[in-house]
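*Asks:* Let me begin by handing over the structure; questions about it come next.
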Amino acid sequence: MSVNELYTKLTRVWIPDADDVWKAAEITKDYKEGETLLQLQLEDETPLEYSVGPGKNPLPFLRNPDILVGENDLTALSYLHEPAVLHNLRVRFLESNHIYTYCGIVLVAINPYEQLHIYGEEVIRAYSGQNMGDMDPHIFAVAEEAFKQMARDERNQSIIVSGESGAGKTVSAKYAMRYFATVGGSANDTNVEEKVLASSPIMEAIGNAKTTRNDNSSRFGKYIQIGFSRNYNIIGANMRTYLLEKSRVVFQAEDERNYHIFYQLCASATLPEFKDLSLTSAEDFTFTSLGENIFIEGVNDAEDFKKTREAFTLLGIKESSQSSIFKVVASILHLGNIEICLERDGESCHVSRDDTHLKHFCRLLGVELQQMEHWLCHRKLVTASETYVKNMSAKQAANARDALAKHIYARMFDWIVDNINLALQTSAKQHSFIGVLDIYGFETFEINSFEQFCINYANEKLQQQFNSHVFKLEQEEYMKEQIPWTLIDFYDNQPCIDLIEARLGVLDLLDEECKVPKGTDQNWAQKLYKQHSSSAHFQKPRMSNTSFIIIHFADKVEYQCEGFLEKNRDTVYEEQINILKASQFQLVADLFHEKDDVPAGPKSSRVNVRAAKSVPKTPNKEHRKTVGHQFRRSLQLLMETLNATTPHYVRCIKPNDEKESFSFDSKRAVQQLRACGVLETIRISAAGYPSRWTYPDFFSRYRVLLNKSDMTLADKKLVCKKLLETLIKEPDMFQFGKTKIFFRAGQVAYLEKLRADRFRSACIKIQKTVRGWLQRVRYAKIRRAAVLLQRYGRGFLARRYADFLRQTRAALICQKQFRMVRERREFLRVRRAVVTIQAFTRGMFTRRIYWEFMLHHKAMIIQRSVRGWLQRRKFRRARNAAIIIQCGFRRVRAKRQLQQLKIDARSAQHLKKLNTGMENKIVQLQRKMDDQSKEYKTQAEQLVQVNTGLSSEVSKLQKQLEKVQQQDGGQLSSLQDELDKLRDELQEASVHRKRLEEEHCTEKTALQQRVEELETENCLLKSQKEELNQNILQLSKSSEVDGNSVSLQKELDGERQRYQNLLKEFSRLEQRYDNLKEEVSLSKFQPGHRRNPSNQSSLESDSNYPSVSTSEVGDTEDAIQLVEDMGAEKAAMDISLFMKLQKRVRELEQERKRLQVSLDKMEELTKRRGSESKSSSSEQEKADLAYSNLKRQELETENKKLKNDLNELRKAVAERASVNNSSNELQESYNVLLSQLRAASEELDARKEEVLILRTQIVSAAALQDKDKDGDKDGDNESHKDPELNNRETLDKDETGKTSHGVSESTNTQQDWCYLNEDGELGLAYQGLKQVARLLEAQLQTQSRQHKDELEALHTQIELLKDDIEKKQEILNYTASLSPEAQVEYSVQQEITRLTNDNLDLKELVEKLEKNERKLKKQLRIYMKKVQELEASQAAVQSSRSRPELSRQVTVQRKEKDFEGMLEYYKEDEALLLKTLITDIQPSTVSATVPCLPAYILFMCIRHADYINDDQKVESLLTSTINAIKKVLKKNNDDFEMTSFWLANSSRLLHCLKQYSGDEAFMTQNTSKQNEHCLKNFDLAEYRQVLSDLSIQIYQQLVKVAEGIIQPMIVSAMLESESIPSLAGVKPMGYRNRSSSMDMDAGGHSSYTLQALIRQLGQFSSVMRDHGLDPEIVGQVVRQLFHCINAITLNNLLLRKDVCSWSTGMQLRYNTSQLEEWLRGNNLYQSRAAATLEPVIQAAQLLQVKKKTTQDAEAICSLCTALTTQQIVKILNLYTPLNEFEERVTVSFIRNIQNRPLQRNDPPQLLMDTKYTFPVLFPYTPSALSLETLHIPASLGLDFLVRV
């Protein structure tokens, strides 16, 4: 297209602007090629003449159509240039609050400086498994893309996160790792993903610091490799770090901080374990106070330090190692405070030996004080012949001290990284990995030094790799589509890289200068000027000879040479390192010992430098590699790693420097876009074919431009080719690929213009036709109106003439009447005048008479009043006299009462009453008065001192005055004036003192008055408080009664859901255990994407609703046993069950910590006791071993005795039970049994100890005799004297040989014993006493240990009480600060909380008692069952003997009417029965029979076992049935038909067990025959509970299978398919819609229609109905599936900008109406499934309603009740018009919605929970089928069953 066609009137363009970088304008006049002026109009309607031309400005950039503004991908823009990119980012960030935007393969992330709720687990699940272009841009989408490519391509991946400080790199990397940890959770319980995430707080503490641009800036680069197994579970991780900013340890700029760990440690210095660190506030240390601000707003260093320590512990770093690390950190702070004193000569210095910081430094690191003091101020010079020790100047010593501090910190940093890697590594083989690179972005400051040079060098390398990768992807895309392409010219920064790293480059010259003995920065700068002055990327500043400029890809950067050599050398003196190597602490010594030292030699081979290390390897200068060399090597290794992986790029942008939330500075944004390569990506993309369309999308979008003849062609590709050849004349502007059409930049905008013009022309034609028709209709109306007007006009004229005639006649009549009226009025006027005169005259005379009468009357009234006044005055005098007398009497009586009251007031009791409640305030006021009196005293003392001082000065002045008068009389007057001034000042001071005394007195009186007022006020408050408390109690009682009835149903549903979640968790763990056993047996790997579902993450549970996790289930077996015993119905009513489980978990955790502490103490005790003698310990061990063996043998014998006693007791109880089987007898037998068991156990304990003592004595005596034989010559005679001992010795020979039990005595002592003990009795007795003493000593030790434990428990209890007191004190202080109303409300809340806790404790106590009761009852049942075992076994033997004859007789003589609905089978046929009915059966084989036939057959077999009273058979059959069903379901875990079949049979078997249980509650609907078939002998309530749990598990599996089938169909069917043809339009899409995650070669992803989804739902419904599943269960399944449809549809709508349009709303409303019609057609509308679609329906309505005015906002708020405010705002932000005729939602309207108060409780999360399951309820539905009429088809092969 020519310029004349593009730059026409009304075309919008971008022009440069100094403030906003780019400003929008509109062309007001067509531009002709060759003109020098372009007529423009700005957005504020300001005209502007823009000069253009070859030597001036080029033509301005064209703006994209409004329909393309705000796109997810910048490459979707038709015009790709800088202003378009900037404007799109600005609109998305400010108007839509979208922080993520794609730019080809790059994700641009803008830091919002605000916490957004877009990183929850529900968002992770929404992005998991999705293609990258299908959802809105997100860091999770990039992570999912990397994860998917790793699994599909079997290739390692890398995510490169870059940006300048404060742009959000660390947070982005953290969220990416969190995604991998959640989606690829560890397959075992090692929780590697938690350890990976736990490394972040540690690295932030030791590697992050506050800078002027960022409060948490990473001052190092890191590359984290997350390793995955073949199943793509996380198995480990590894971290490599780059270029730690060591200079920050010793220097920080203004308003900056050192590394966080220093401030965290100082903030926690008051803790007891850190007392020996001798730390104070960070302000007291030089290394932490250089920035002059040690705090960060909103950051609590002490809390962060707790998290750091927790992370250390989680990673397995011991407490001792942590303590050593903190000592090293503290030593660095003390090292910085060591004061170096300059000597007098100025060339030497020293450190004071009394320097406390030096002492602390040496103590913490375990080094010698004198050596460190010496070598801090001296250095060693080694020559060929001698070694010199040279003094250092103070400056040199300070530099050496700082270098040592940096070196220590760097070594500690590397040690921590190495230990983190050790904790994250695994022994399993790593199959693949995903690397996350969090590295510094391009930096340029006012002063740029060595660190900025290395950072920018790394960014040059990364930018080169980025450019080549982008170019490679473009090339692959063109080759894949088989279109001709030419070489795209892109910026290659290889010359700049060569300038830095090539031979004789900047780094080489720097290393060479470092080798020179007296090399300086100035010499190095001159070498640079000389060597590289001709380079295009190198410049010399005009005004400096010590700096140089390098032209990087992003910008020019001027580097100051000062400090380059020192930082590159990183010099640390060897003597100081040797001192640290000799530290008495092993960890400190290990820090400075090299791991891979090489032999020193002038021609040594290469030193292997690991990429993670940026610190020097050895302090020897001749063989150390410089920092630049190490960094270049590590960077080379990093690039090799990145080149071997598939990279994914995240570019973080800092929107402003003020850290304001959602504020966008265009200048700063453009600088970063240029620096991070985003604009380079745009330029490369724009150089080729940036706009790409698939043929179907292009046809759908631009078919309006086709002719009618082209529409008939079936080949859409041919139609598109013809259309483009017709519309675009230049063939180079587009290319046809295999699946896409490629366009040059601007062509899509041109096509959009043509499309808009076609729509506009069509609109004009429609408007012309409609307007013509309207005018014709209007003309016809006007003609008809004219005819009608004429007719009415003529009639009007005729009627008007007739009216004239009538009016003429009427005028004559009116004249006649008027004249008559006029004359009559004149007559009446004269008559009225006469009458008036007469009336006034008569009235005057009458009034005169009346006034005379009134005068007489008033005189009488005056006389009456005077007489009355006289009488009243007389009465008042008499009354006053009486009152005075009364007052006198009353005053006397009142005085008496007053005296009595004064006496009472002086009593203490009265004072107590008055001062009740006011003591604290009075004490406070007294303290205040005391403080003021003290202050007054101090002031008085000061005044006295001042007076004395002044008087002394006056006396001195007088003396001086006399001297001066003697010397010079002229100075007398001046001194006299000064004396007067001093006297005036003294008077003023005295006046001031008097004034202070007066103020003190007035204040004191005021305080006393205030005390009195507070006393009265306190009395009033007390009375009001009592009244309010009574009212509150009444209100709380009434509210509790009302609230209980309302919340009962909610609590029931919640508890039922929690119980079902327990079952779900249990089944999941069972399945996981079986899977792990199967995986162990696998030996070969099957290639392919075996992706682990995200629900196996060990970070969080699958369900967001309250349930018991795996660990809680394992730790609370009693609680689960309680659930199983109570049953699902009763457990659901237990409100505090789940709270009890959680409380139990917390208690176990506290117990574990306590046991760990005790274990540590025991280890310390064992270490202390290890120094005891070996002989005594060995003898004691032998004694203990012998004692334990004897104890074991005795326990075995006692066990046998107990078994015999138990058998005897069973026989006795069985005999009694056979005599009388009543419940009373059973209870008596049970009581007898318990009493006998208790007596036996008590006797057993007593006998056990006695036997042990005796046996020990015997064995000890035998051992003594054996030793006496060997040690004494006369032992033989003595042994013959006591034959009994010899016999005993022979009997216990083997036993004594094994145990070697004896007393720990010496040989001499034993000989003395034998000497005294000729017959052996004395020694035996003494030996027994010793053994008893040993036992008593052991008991004493156990009691002492118990005492210690109790003491520790009391200490912990005291600490808890202290914490409780502190909390109560805080509550009291808080309450005192509140208003009276707030105090009452707060006290009510506290009281409710306390009562709730007490209630829970009481419930827990009741539950424990009930649990014990249930256990006892259970034991009773077990004992009773075993008691009846003999009788039952005998009955079974008799029945088995008589079975063959009976079966033959039944088969021969049976009749249909005699069937009892039972099936008999042999015990050995049980396996065949289960195999036939459960394992091998297919639903299709019994489809033509009675539904749930297997359940009926199994129940009939159970009935027969009950009939013959065979409990073993019943138990075996039910247990085997349940296990077989579980195995079948596990084998067919993805088969909906099989799962539905067994859900129906399990529920039917459960209903049969209820229907025929004999309970009256289940027999109300039975027939009389069915009641006869009830179970007779067994109560199978426990098995009913087990079957109920099994049914719930099958239901959950059924829902899971169904959701897995329909989940891939939902988005395509509900949002993407065109249910209403030709309604939806397609917008231009960017690079992400051709993402590599889409496997286009395999045909792309499948598309489903709404009809396919409805067919699938209908198939589900028909299968469940055919299997005989209860309609209520079918309704619950459908309800759950509709919830899944609603949640997935709404979540995708909230995360996809391309579907938030008016047409999608119309499609969505149509789709939901079709689903509702399907519900009505299948009689499922009553299942409440339609209500679950309400959020989607309201979202569709929201997309279609008008969104402009305040009334529209009110309508939306009242309409969208099922949506949260966050969801409404999100949809409005995402709303995108598909055509130019639609309007966007304004920002003001969205703010109006946000600010509008909504009376709703919105959840914090944005997305709906797709994993939420409604609690299932199995209603009891008895069967009307008679068991005796059931027919078993012969095809089942159940001939071995016999009908009874």
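Following the order of the structure tokens, first chain is A, next is B, and so on, with residues numbered from 1 inside each chain and ligands from 1 in the order they appear.
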Find the spatial neighbours of Pro65 of chain A, counting only C-alpha atoms, within a cut-off of 12 Å - ignore same-chain residues fewer than 4 positions away - and output them as a PyMOL selection string.
*Replies:* chain A and resi 11-13+69-71+76-79+84+88+746+748-753+755-756+1627-1628+1777-1781
*Asks:* Nearest to Leu197 of chain A: which of A:Ala24, A:Leu424, A:Leu38, A:Val892 is it, counting only C-alpha atoms?
*Replies:*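 Among the listed residues, the smallest separation from Leu197 of chain A belongs to A:Leu424.
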*Asks:* Between atom CA of Glu26 of chain A and atom CA of Gln39 of chain A, what is the distance in Å, rounded to a tenth?
*Replies:*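 Taking atom CA of Glu26 of chain A as the start and atom CA of Gln39 of chain A as the end point, the length is 8.4 Å.
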*Asks:* Any chance you could list, as number ranges by chain, the residues in segment 62-296 of chain A that come up alpha helix (DSSP H) when DSSP is run on the backbone?
*Replies:* A: 82-90, 121-127, 139-153, 169-183, 192-207, 260-267, 286-289
*Asks:* For a test of reading the model, state the distance in Å between atom CA of Leu364 of chain A and atom CA of Leu333 of chain A, rounded to one decimal.
*Replies:* 11.1 Å
*Asks:* Using only C-alpha atoms, which residue out of A:Arg794, A:Arg783, A:Lys429, A:Lys318 lies closest to Ser229 of chain A?
*Replies:*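 That would be A:Lys429, the residue with the smallest distance to Ser229 of chain A.
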*Asks:* Quick one: everything within 12 Å of segment 269-272 of chain A, counting only C-alpha atoms, minus sequence neighbours fewer than 2 positions away in the same chain. Send it as a list in words.
*Replies:*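 Listed by chain and then number, they are Phe262, Tyr263, Gln264, Leu265, Cys266, Ala267, Phe274, Lys275, Asp276, Leu277, Ser278, Leu279, Thr280, Ser281, Ala282, Asp301, Ala302, Phe305, Lys306, Phe326, Lys327 and Ala330 of chain A.
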